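S.K.: To start, I am sharing the structure in question, which I have written as structure tokens.
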Amino acid sequence: MSIGHLYVGDHTSNMVDMVESDRSTHGEKHSNHRLTEDQVRDICRRARAGENQRLIAEEYGVTQSHVSDLKHGKRWWRVTTLRA
């Protein structure tokens with residue numbers, strides 16, 4: 001087993017390294033995810049086009065505020081900031 005990737009760092013540098021190395025649990029990697037990346041892209045596209053957020057939320061089993069957060073890049077930002 002190799003440990004050559006380890007180095008001494010504070011919490012912040014360790015968290016930055018985790019994100020940059022794609023070892024964090026986000027999106028579909030997270031055990032509690034309800035949506036897929038494709039669903040998130042569809043929700044964003046439809047919400048940004050002006051569709052009723054409450055109806056979109058009902059269709060996907062999430063809240064209207066969740067749809068709004070996706071639309072504005074506050075959730076799933078790795079997907080939503082690409083302007084799905």
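To be explicit about the labels: the chains of the structure tokens are called A, B, and onward in the order shown, and within each one the residues are counted from 1, while ligands get numbers from 1 in the order they are shown.
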Would you kindly return, as a ChimeraX atom specification, each protein, DNA or RNA residue with an atom no farther than 12 Å from any atom of Ser65 in chain A, considering only C-alpha atoms and excluding same-chain residues fewer than 2 positions away?

M.R.: /A:47,52-58,61-63,67-72,74-75

S.K.: Restricting the output to N, CA, C and O atoms, write the selected residues as a CSV table (one decimal), in the first residue's frame.

M.R.:
chain,number,residue,atom,x,y,z
A,47,ALA,N,-36.8,25.3,-15.3
A,47,ALA,CA,-37.0,26.5,-14.3
A,47,ALA,C,-36.5,27.8,-14.9
A,47,ALA,O,-37.2,28.8,-14.8
A,52,ASN,N,-43.4,26.6,-14.2
A,52,ASN,CA,-43.8,26.7,-12.8
A,52,ASN,C,-43.0,25.8,-11.9
A,52,ASN,O,-42.9,24.5,-12.1
A,53,GLN,N,-42.3,26.4,-11.0
A,53,GLN,CA,-41.3,25.6,-10.1
A,53,GLN,C,-42.1,24.6,-9.3
A,53,GLN,O,-41.6,23.5,-9.0
A,54,ARG,N,-43.3,24.9,-8.8
A,54,ARG,CA,-44.0,24.0,-8.0
A,54,ARG,C,-44.4,22.7,-8.7
A,54,ARG,O,-44.3,21.6,-8.2
A,55,LEU,N,-44.8,22.9,-10.0
A,55,LEU,CA,-45.1,21.7,-10.8
A,55,LEU,C,-43.9,20.9,-11.1
A,55,LEU,O,-44.0,19.6,-11.1
A,56,ILE,N,-42.8,21.5,-11.4
A,56,ILE,CA,-41.5,20.8,-11.6
A,56,ILE,C,-41.2,20.0,-10.3
A,56,ILE,O,-40.8,18.8,-10.4
A,57,ALA,N,-41.3,20.7,-9.2
A,57,ALA,CA,-41.0,20.0,-7.9
A,57,ALA,C,-41.8,18.8,-7.7
A,57,ALA,O,-41.3,17.7,-7.2
A,58,GLU,N,-43.1,18.9,-7.9
A,58,GLU,CA,-44.0,17.8,-7.7
A,58,GLU,C,-43.6,16.6,-8.6
A,58,GLU,O,-43.7,15.5,-8.2
A,61,GLY,N,-40.5,15.1,-7.1
A,61,GLY,CA,-40.6,14.7,-5.6
A,61,GLY,C,-39.7,15.5,-4.7
A,61,GLY,O,-39.1,15.0,-3.7
A,62,VAL,N,-39.5,16.8,-5.1
A,62,VAL,CA,-38.7,17.7,-4.3
A,62,VAL,C,-39.6,18.9,-3.9
A,62,VAL,O,-40.7,19.0,-4.4
A,63,THR,N,-39.0,19.8,-3.2
A,63,THR,CA,-39.8,21.0,-2.8
A,63,THR,C,-39.5,22.1,-3.9
A,63,THR,O,-38.6,22.1,-4.6
A,67,VAL,N,-36.1,23.3,-6.1
A,67,VAL,CA,-36.0,23.7,-7.5
A,67,VAL,C,-35.4,25.1,-7.7
A,67,VAL,O,-34.5,25.3,-8.5
A,68,SER,N,-35.8,26.0,-6.8
A,68,SER,CA,-35.3,27.4,-6.9
A,68,SER,C,-33.8,27.4,-6.6
A,68,SER,O,-33.0,28.1,-7.3
A,69,ASP,N,-33.4,26.6,-5.6
A,69,ASP,CA,-31.9,26.5,-5.3
A,69,ASP,C,-31.1,26.0,-6.4
A,69,ASP,O,-30.0,26.4,-6.7
A,70,LEU,N,-31.7,25.0,-7.1
A,70,LEU,CA,-31.0,24.4,-8.3
A,70,LEU,C,-30.9,25.5,-9.4
A,70,LEU,O,-29.8,25.6,-10.0
A,71,LYS,N,-32.0,26.1,-9.6
A,71,LYS,CA,-32.0,27.2,-10.7
A,71,LYS,C,-31.0,28.2,-10.5
A,71,LYS,O,-30.3,28.7,-11.4
A,72,HIS,N,-30.7,28.6,-9.2
A,72,HIS,CA,-29.8,29.7,-8.9
A,72,HIS,C,-28.4,29.2,-8.5
A,72,HIS,O,-27.6,29.9,-8.0
A,74,LYS,N,-27.4,27.1,-6.1
A,74,LYS,CA,-27.2,27.0,-4.7
A,74,LYS,C,-27.1,25.5,-4.3
A,74,LYS,O,-26.6,25.2,-3.2
A,75,ARG,N,-27.5,24.6,-5.1
A,75,ARG,CA,-27.4,23.1,-4.9
A,75,ARG,C,-26.8,22.5,-6.2
A,75,ARG,O,-27.1,23.0,-7.2

S.K.: What does the distance from CA of His66 in chain A to CA of Asp42 in chain A come to in Å, to one decimal?

M.R.: 13.6 Å

S.K.: When you draw a straight line from CA of His11 in chain A to CA of Thr80 in chain A, how long is it in Å?

M.R.: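 Interatomic distance here is 26.8 Å.
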